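Scroll down for the structure; my scribbles are underneath it.
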Amino acid sequence: MTALTSTSDNNSFAIEARNVHLHYGSFRAVKDVNLQIKARKITAIIGPSGCGKSTVLRAFNRMNDFVPSFKMEGEILFHGKNIYDPDVDPVQIRQMIGMVFQKPNPFPKSIYENIAWGARVNGFKGNMDDLVEESLQKAALWEEVKDNLKKNALTLSGGQQQRLCIARTIAVRPEIILMDEPCSALDPIATLKIEELMRDLSSSYTIIIVTHNMQQAARASDYTAFFTMEEDRAGVMVEYDITSHLFVNPKKKQTEDYISGRYG
Amino acid sequence: MESQITKTKQFTKGGLKPVTDDILLLRIKKHPRMKEFFIQALLFFCGALSIFTTLGIVYELGKESLLFFRTPGVEIVEFLTGKVWQPAIGSFGVLPLVNATLMTTFFAMLVSLPLGLSAAIYLSEYASQKIRSIVKPALEILAGIPTVVYGYFALTFMTPLLRGILGEDQVQIYNTLSAGLTMGLMILPLISSMSEDALSAVPKSLREAAYGLGATKLETSIKVVLPAALSGIIAAFIIGISRAIGETMIVAIAAGSGPALTLNPLKAAETMTGYIARISGGDLAYDTPDYNSIFAIGLLLFMITLFLNIISRLLVHRFREVYE
């Protein structure tokens, strides 16, 4: 539960988990997470399978609400407000904290419609053509699809689909983008493109990425949180630090074992 | 290497034995698998049975219809366009029967499509596991009620209800509205169950995509899940229509037993199936034009449902959003 050194500047945190415990029914999936996410930085969450990385990520935009047995203790503060307070609308939270999923999941609609859809349900009134172009450009996909906007999104390659999903998320103008192993279904070249894109986007957005791939975390993130699970299968956060520190100079033995491949 | 092969121990019918080359060659030699062959043939036969049955029915309907159309004074054009169905005076115009069938079907779909689809959306997108485990079996019970019971439900409950609301002088005892609405209730479980299957088959990842963009549950259901499931829903709707067109017992009991060309749903009118049921249950002699006419009507019914099935396939192909 290492706190970051620069805690003095509170405003630079985009979102913060405080004493968060996550349960599925009677099973405690994650316990006592304290995690302060720096604004407009890329934070990676790494750890072995089943350590609750994705569960934590989904707690940040209340995607776990759809699991009936899900329960949460603690607070997740966004602009100083606990997003689990009863008077918070989870739909608004998800618009401000967008999500990109493991498997590219474009809607079975046209490329244009994929971008326009989210904006439209969020009441976007401006020029839709401009928004579509701008979002696709930010997601580094515009040049590849500008002549085929009416084409079904599912005809795109996996990497293009994932960038479309990122463009679609950008189009609703979130503050934070959560990425749940966004490259696990992609080949290395498509993966590199997504990583470059993340780097570009981090100038305007806070990005939290869950990844299985340690090299990816080391390459692409500014901060890294390492999770593991204890004997009772509950996930815990072991170490959280600037990425270069965590990989070069891990403070905990567990972290060192994991990043050097001696895990388990 | 050779010695290795000969010394390899393998399971043979006689137990664990060293395998020599000639045993190996014998084993990899092609030999017929009779049991597999027979089972495959049996499965093929079962699959082909439905095709043979269909062909048999078409043949029988066609043969008997031909007898009908060969009757002096009966013409196919007059049959299809005539507005009077009175076999006693040699008047064979099928429109009154077709009209009654279309009216009952229309009212049935008016009930079953919106209610069935809404129930399906509720069950698939909103209901908790517990509620679903109660509502789904209840709908299936509704589907299991014999249609003759629905027929009496129409006559003894729906018709008095309509008469109470619209006035006794307006609503005849037998009327197409009552039969149609009741038929809608009968078809409702079919529509809801098939639509729910189609909605539930839409991958969770699409719903998550919508939620992740800040869509509400209703927006997700109506604008993402429903379009993705559209092909299955159209199929459900068409099968529902086919069911309504072919349904006999309810209309025979509650819609009336005299052909009448009327667009007033509060009046009695006999449907195609109602007429077939009445004539085949009556005491008409075989090979009279009256009797043979039911085969022509049967053939027409068959062709209408076949046509609808083809249309539905085309529609499905055209409008579906393929999600994989």
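Going through the structure tokens in order, the chains are called A, B, and so on, while each chain numbers its residues from 1 and the ligands are numbered from 1 in the order shown.
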All strand (DSSP E or B) positions in stretch 33-178 of chain A, as a ChimeraX atom specification | /A:33-38,42-46,70-78,81-82,97-100,110,152,176-178
Kindly export the residues of the current selection with C-alpha atoms, as a PDB file, in the first residue's frame.
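Written out: part21.pdb:
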```
ATOM      1  CA  VAL A  33      -7.165  -0.978  -2.164  1.00  0.00           C
ATOM      2  CA  ASN A  34      -5.858   2.551  -1.817  1.00  0.00           C
ATOM      3  CA  LEU A  35      -4.934   3.929  -5.174  1.00  0.00           C
ATOM      4  CA  GLN A  36      -4.518   7.511  -6.297  1.00  0.00           C
ATOM      5  CA  ILE A  37      -4.561   7.904 -10.047  1.00  0.00           C
ATOM      6  CA  LYS A  38      -2.647  10.856 -11.429  1.00  0.00           C
ATOM      7  CA  ILE A  42      -1.083   6.431 -17.874  1.00  0.00           C
ATOM      8  CA  THR A  43      -1.430   4.113 -14.934  1.00  0.00           C
ATOM      9  CA  ALA A  44      -1.015   0.400 -15.518  1.00  0.00           C
ATOM     10  CA  ILE A  45      -2.451  -2.280 -13.290  1.00  0.00           C
ATOM     11  CA  ILE A  46      -0.535  -5.534 -13.560  1.00  0.00           C
ATOM     12  CA  PHE A  70     -21.479  -7.274  -6.456  1.00  0.00           C
ATOM     13  CA  LYS A  71     -20.894  -5.261  -3.299  1.00  0.00           C
ATOM     14  CA  MET A  72     -18.407  -2.562  -2.522  1.00  0.00           C
ATOM     15  CA  GLU A  73     -17.043  -1.038   0.647  1.00  0.00           C
ATOM     16  CA  GLY A  74     -14.932   2.072   0.789  1.00  0.00           C
ATOM     17  CA  GLU A  75     -14.930   5.105  -1.429  1.00  0.00           C
ATOM     18  CA  ILE A  76     -13.967   5.982  -4.948  1.00  0.00           C
ATOM     19  CA  LEU A  77     -13.498   9.707  -5.129  1.00  0.00           C
ATOM     20  CA  PHE A  78     -13.960  11.550  -8.412  1.00  0.00           C
ATOM     21  CA  LYS A  81     -17.270  12.956  -4.641  1.00  0.00           C
ATOM     22  CA  ASN A  82     -17.707   9.263  -3.847  1.00  0.00           C
ATOM     23  CA  ILE A  97     -15.206   7.643 -17.213  1.00  0.00           C
ATOM     24  CA  GLY A  98     -15.253   5.688 -20.448  1.00  0.00           C
ATOM     25  CA  MET A  99     -14.138   2.147 -21.033  1.00  0.00           C
ATOM     26  CA  VAL A 100     -12.359   0.137 -23.707  1.00  0.00           C
ATOM     27  CA  SER A 110     -21.428   1.584 -39.662  1.00  0.00           C
ATOM     28  CA  ASN A 152     -19.886  -1.902 -41.267  1.00  0.00           C
ATOM     29  CA  ILE A 176     -10.793   9.164 -17.771  1.00  0.00           C
ATOM     30  CA  ILE A 177     -10.457   6.203 -20.123  1.00  0.00           C
ATOM     31  CA  LEU A 178     -10.336   2.759 -18.570  1.00  0.00           C
TER      32      LEU A 178
END
```
Just need the residues of chain A within 9 Å of chain B, counting only C-alpha atoms, so spit them out as a PyMOL selection string.
-> chain A and resi 61+63+68+90-101+103-109+117-119+121-122+154+165+168-169+172+174
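Comparing the minimum interatomic distances between B:Thr159 and each of B:Ile245, B:Ile28, B:Leu266, B:Val316, counting only C-alpha atoms, we find that B:Leu266 sits nearest.
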Picked from stretch 119-233 of chain A by DSSP as alpha helix (DSSP H), as a PyMOL selection string | chain A and resi 119-121+128-138+142-145+158-171+188-201+214-220
Only N, CA and C atoms, please: the residues just picked out, written as a compact mmCIF listing (two decimals), in the first residue's frame.
```txt
# COMPACT_ATOMS: atom_id res chain seq x y z
N ALA A 119 -22.33 9.64 -28.65
CA ALA A 119 -22.52 11.08 -28.56
C ALA A 119 -24.01 11.42 -28.56
N ARG A 120 -24.75 10.74 -29.42
CA ARG A 120 -26.18 11.02 -29.54
C ARG A 120 -26.93 10.67 -28.24
N VAL A 121 -26.65 9.49 -27.66
CA VAL A 121 -27.39 9.16 -26.42
C VAL A 121 -27.00 10.10 -25.28
N MET A 128 -22.27 16.57 -36.13
CA MET A 128 -21.87 15.18 -35.93
C MET A 128 -20.72 14.77 -36.84
N ASP A 129 -20.75 15.27 -38.10
CA ASP A 129 -19.67 14.92 -39.04
C ASP A 129 -18.32 15.35 -38.48
N ASP A 130 -18.29 16.57 -37.91
CA ASP A 130 -17.03 17.07 -37.35
C ASP A 130 -16.58 16.21 -36.18
N LEU A 131 -17.56 15.85 -35.34
CA LEU A 131 -17.21 15.06 -34.16
C LEU A 131 -16.64 13.71 -34.57
N VAL A 132 -17.27 13.10 -35.58
CA VAL A 132 -16.80 11.79 -36.05
C VAL A 132 -15.37 11.92 -36.58
N GLU A 133 -15.14 12.95 -37.38
CA GLU A 133 -13.80 13.11 -37.94
C GLU A 133 -12.77 13.37 -36.84
N GLU A 134 -13.14 14.27 -35.94
CA GLU A 134 -12.21 14.63 -34.87
C GLU A 134 -11.87 13.41 -34.00
N SER A 135 -12.90 12.63 -33.67
CA SER A 135 -12.67 11.47 -32.80
C SER A 135 -11.81 10.43 -33.51
N LEU A 136 -12.12 10.19 -34.79
CA LEU A 136 -11.33 9.21 -35.54
C LEU A 136 -9.88 9.68 -35.70
N GLN A 137 -9.72 10.99 -35.85
CA GLN A 137 -8.36 11.51 -35.99
C GLN A 137 -7.58 11.33 -34.70
N LYS A 138 -8.23 11.64 -33.58
CA LYS A 138 -7.56 11.46 -32.30
C LYS A 138 -7.19 10.01 -32.07
N TRP A 142 -8.51 7.87 -38.71
CA TRP A 142 -9.17 8.65 -39.75
C TRP A 142 -8.65 8.32 -41.15
N GLU A 143 -7.33 8.35 -41.30
CA GLU A 143 -6.75 8.15 -42.63
C GLU A 143 -7.16 6.79 -43.21
N GLU A 144 -7.31 5.79 -42.34
CA GLU A 144 -7.61 4.46 -42.83
C GLU A 144 -9.07 4.27 -43.21
N VAL A 145 -9.97 5.06 -42.61
CA VAL A 145 -11.40 4.78 -42.82
C VAL A 145 -12.18 5.94 -43.44
N GLY A 158 -8.96 -6.34 -36.37
CA GLY A 158 -9.07 -6.28 -34.90
C GLY A 158 -8.47 -5.01 -34.32
N GLY A 159 -7.28 -4.66 -34.81
CA GLY A 159 -6.63 -3.46 -34.30
C GLY A 159 -7.40 -2.20 -34.65
N GLN A 160 -7.93 -2.17 -35.88
CA GLN A 160 -8.73 -1.01 -36.28
C GLN A 160 -10.02 -0.93 -35.45
N GLN A 161 -10.62 -2.09 -35.21
CA GLN A 161 -11.83 -2.12 -34.39
C GLN A 161 -11.55 -1.56 -33.00
N GLN A 162 -10.39 -1.94 -32.44
CA GLN A 162 -10.09 -1.47 -31.10
C GLN A 162 -9.86 0.05 -31.11
N ARG A 163 -9.21 0.56 -32.16
CA ARG A 163 -9.03 2.02 -32.23
C ARG A 163 -10.37 2.72 -32.45
N LEU A 164 -11.28 2.03 -33.17
CA LEU A 164 -12.63 2.58 -33.32
C LEU A 164 -13.32 2.66 -31.96
N CYS A 165 -13.13 1.63 -31.16
CA CYS A 165 -13.74 1.64 -29.82
C CYS A 165 -13.16 2.78 -28.98
N ILE A 166 -11.87 3.05 -29.17
CA ILE A 166 -11.26 4.17 -28.46
C ILE A 166 -11.83 5.49 -28.98
N ALA A 167 -11.97 5.60 -30.31
CA ALA A 167 -12.54 6.81 -30.90
C ALA A 167 -13.96 7.05 -30.39
N ARG A 168 -14.72 5.96 -30.30
CA ARG A 168 -16.10 6.04 -29.83
C ARG A 168 -16.14 6.53 -28.38
N THR A 169 -15.17 6.08 -27.60
CA THR A 169 -15.11 6.52 -26.20
C THR A 169 -14.75 8.00 -26.12
N ILE A 170 -13.77 8.42 -26.95
CA ILE A 170 -13.35 9.82 -26.96
C ILE A 170 -14.51 10.73 -27.34
N ALA A 171 -15.36 10.23 -28.26
CA ALA A 171 -16.43 11.07 -28.80
C ALA A 171 -17.42 11.53 -27.73
N PRO A 188 1.17 -7.98 -32.45
CA PRO A 188 2.16 -7.02 -31.90
C PRO A 188 2.15 -5.66 -32.58
N ILE A 189 1.93 -5.62 -33.90
CA ILE A 189 1.94 -4.33 -34.59
C ILE A 189 0.75 -3.48 -34.18
N ALA A 190 -0.43 -4.12 -34.15
CA ALA A 190 -1.63 -3.41 -33.71
C ALA A 190 -1.48 -2.97 -32.26
N THR A 191 -0.81 -3.80 -31.46
CA THR A 191 -0.58 -3.47 -30.06
C THR A 191 0.27 -2.21 -29.94
N LEU A 192 1.35 -2.14 -30.74
CA LEU A 192 2.21 -0.96 -30.69
C LEU A 192 1.45 0.29 -31.08
N LYS A 193 0.58 0.17 -32.09
CA LYS A 193 -0.22 1.33 -32.51
C LYS A 193 -1.10 1.83 -31.38
N ILE A 194 -1.70 0.89 -30.65
CA ILE A 194 -2.56 1.29 -29.52
C ILE A 194 -1.70 1.96 -28.45
N GLU A 195 -0.52 1.43 -28.22
CA GLU A 195 0.33 2.03 -27.19
C GLU A 195 0.75 3.45 -27.58
N GLU A 196 1.09 3.64 -28.85
CA GLU A 196 1.42 5.00 -29.31
C GLU A 196 0.23 5.94 -29.12
N LEU A 197 -0.94 5.39 -29.46
CA LEU A 197 -2.16 6.17 -29.33
C LEU A 197 -2.41 6.56 -27.87
N MET A 198 -2.18 5.61 -26.97
CA MET A 198 -2.37 5.91 -25.55
C MET A 198 -1.46 7.06 -25.13
N ARG A 199 -0.22 7.00 -25.63
CA ARG A 199 0.73 8.05 -25.30
C ARG A 199 0.20 9.41 -25.77
N ASP A 200 -0.31 9.45 -27.01
CA ASP A 200 -0.87 10.71 -27.53
C ASP A 200 -2.05 11.19 -26.68
N LEU A 201 -2.91 10.24 -26.34
CA LEU A 201 -4.13 10.61 -25.63
C LEU A 201 -3.85 11.08 -24.21
N MET A 214 3.61 -7.49 -19.02
CA MET A 214 4.47 -6.62 -18.21
C MET A 214 5.30 -5.67 -19.07
N GLN A 215 5.74 -6.18 -20.23
CA GLN A 215 6.52 -5.31 -21.13
C GLN A 215 5.66 -4.11 -21.52
N GLN A 216 4.37 -4.38 -21.75
CA GLN A 216 3.50 -3.28 -22.13
C GLN A 216 3.41 -2.25 -21.02
N ALA A 217 3.25 -2.72 -19.80
CA ALA A 217 3.18 -1.79 -18.68
C ALA A 217 4.48 -0.98 -18.59
N ALA A 218 5.61 -1.69 -18.73
CA ALA A 218 6.90 -1.02 -18.63
C ALA A 218 7.08 -0.01 -19.75
N ARG A 219 6.64 -0.37 -20.97
CA ARG A 219 6.80 0.50 -22.13
C ARG A 219 5.87 1.70 -22.07
N ALA A 220 4.62 1.43 -21.75
CA ALA A 220 3.60 2.43 -22.08
C ALA A 220 3.06 3.21 -20.90
```
Closest contacts (stretch 232-299 of chain B/stretch 101-117 of chain B, max 12 Å, only C-alpha atoms) as a Markdown table:
```
| residue | atom | partner | partner_atom | distance |
| --- | --- | --- | --- | --- |
| B:Gly232 | CA | B:Leu117 | CA | 11.3 |
| B:Ile233 | CA | B:Leu117 | CA | 8.1 |
| B:Ile234 | CA | B:Leu113 | CA | 10.1 |
| B:Ala235 | CA | B:Leu113 | CA | 11.8 |
| B:Ala236 | CA | B:Leu113 | CA | 9.1 |
| B:Phe237 | CA | B:Leu113 | CA | 6.9 |
| B:Ile238 | CA | B:Met109 | CA | 9.8 |
| B:Ile239 | CA | B:Met109 | CA | 10.8 |
| B:Gly240 | CA | B:Met109 | CA | 7.5 |
| B:Ile241 | CA | B:Thr105 | CA | 6.6 |
| B:Ser242 | CA | B:Thr105 | CA | 8.8 |
| B:Arg243 | CA | B:Thr105 | CA | 8.8 |
| B:Ala244 | CA | B:Thr105 | CA | 5.2 |
| B:Ile245 | CA | B:Thr105 | CA | 5.9 |
| B:Gly246 | CA | B:Thr101 | CA | 8.7 |
| B:Glu247 | CA | B:Thr105 | CA | 9.1 |
| B:Thr248 | CA | B:Thr101 | CA | 10.0 |
| B:Ile250 | CA | B:Thr104 | CA | 10.0 |
| B:Val251 | CA | B:Thr104 | CA | 7.9 |
| B:Ala252 | CA | B:Thr101 | CA | 11.1 |
| B:Ala254 | CA | B:Thr104 | CA | 10.6 |
| B:Ala255 | CA | B:Thr104 | CA | 8.2 |
| B:Gly256 | CA | B:Thr104 | CA | 11.4 |
| B:Pro259 | CA | B:Thr101 | CA | 10.8 |
| B:Ala260 | CA | B:Thr101 | CA | 11.3 |
| B:Leu261 | CA | B:Met103 | CA | 10.9 |
| B:Thr262 | CA | B:Met103 | CA | 9.6 |
| B:Leu263 | CA | B:Met103 | CA | 7.8 |
| B:Asn264 | CA | B:Met103 | CA | 9.1 |
| B:Pro265 | CA | B:Met103 | CA | 7.2 |
| B:Leu266 | CA | B:Met103 | CA | 10.8 |
| B:Lys267 | CA | B:Met103 | CA | 11.2 |
| B:Ala268 | CA | B:Thr104 | CA | 11.0 |
| B:Ala269 | CA | B:Thr101 | CA | 8.9 |
| B:Glu270 | CA | B:Thr101 | CA | 7.8 |
| B:Thr271 | CA | B:Thr101 | CA | 4.7 |
| B:Met272 | CA | B:Thr101 | CA | 6.2 |
| B:Thr273 | CA | B:Thr101 | CA | 7.9 |
| B:Gly274 | CA | B:Thr101 | CA | 8.9 |
| B:Tyr275 | CA | B:Thr101 | CA | 10.5 |
| B:Ile297 | CA | B:Thr101 | CA | 11.6 |
```
Export, as a CSV table (one decimal), in the first residue's frame, the selected residues with C-alpha atoms.
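Ended up saving to out.csv:
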```
chain,number,residue,atom,x,y,z
B,232,GLY,CA,-34.7,-13.4,-34.6
B,233,ILE,CA,-37.5,-11.1,-33.7
B,234,ILE,CA,-38.8,-10.9,-37.3
B,235,ALA,CA,-38.6,-14.7,-37.5
B,236,ALA,CA,-40.7,-14.9,-34.3
B,237,PHE,CA,-43.2,-12.5,-35.7
B,238,ILE,CA,-43.6,-14.4,-39.0
B,239,ILE,CA,-43.9,-17.7,-37.2
B,240,GLY,CA,-46.6,-16.0,-35.0
B,241,ILE,CA,-48.5,-14.9,-38.1
B,242,SER,CA,-48.3,-18.3,-39.6
B,243,ARG,CA,-49.6,-19.7,-36.3
B,244,ALA,CA,-52.5,-17.2,-36.4
B,245,ILE,CA,-53.4,-17.9,-40.0
B,246,GLY,CA,-53.4,-21.6,-39.4
B,247,GLU,CA,-55.1,-21.6,-36.0
B,248,THR,CA,-58.4,-23.4,-36.2
B,250,ILE,CA,-60.4,-20.6,-31.5
B,251,VAL,CA,-61.9,-19.2,-34.7
B,252,ALA,CA,-64.1,-22.2,-35.3
B,254,ALA,CA,-65.7,-17.9,-31.5
B,255,ALA,CA,-65.4,-16.2,-34.9
B,256,GLY,CA,-68.6,-17.5,-36.4
B,259,PRO,CA,-68.8,-17.0,-44.5
B,260,ALA,CA,-69.4,-13.2,-44.6
B,261,LEU,CA,-67.4,-10.5,-46.3
B,262,THR,CA,-67.2,-7.7,-43.7
B,263,LEU,CA,-64.6,-5.4,-42.4
B,264,ASN,CA,-66.5,-5.0,-39.2
B,265,PRO,CA,-64.6,-7.0,-36.5
B,266,LEU,CA,-67.6,-7.0,-34.3
B,267,LYS,CA,-69.6,-9.2,-36.7
B,268,ALA,CA,-69.4,-12.9,-37.2
B,269,ALA,CA,-67.3,-14.2,-40.1
B,270,GLU,CA,-65.9,-17.6,-40.9
B,271,THR,CA,-62.2,-18.0,-41.5
B,272,MET,CA,-60.6,-20.4,-43.9
B,273,THR,CA,-59.6,-22.8,-41.2
B,274,GLY,CA,-63.0,-22.5,-39.5
B,275,TYR,CA,-64.6,-23.5,-42.8
B,297,ILE,CA,-58.6,-23.7,-49.4
```
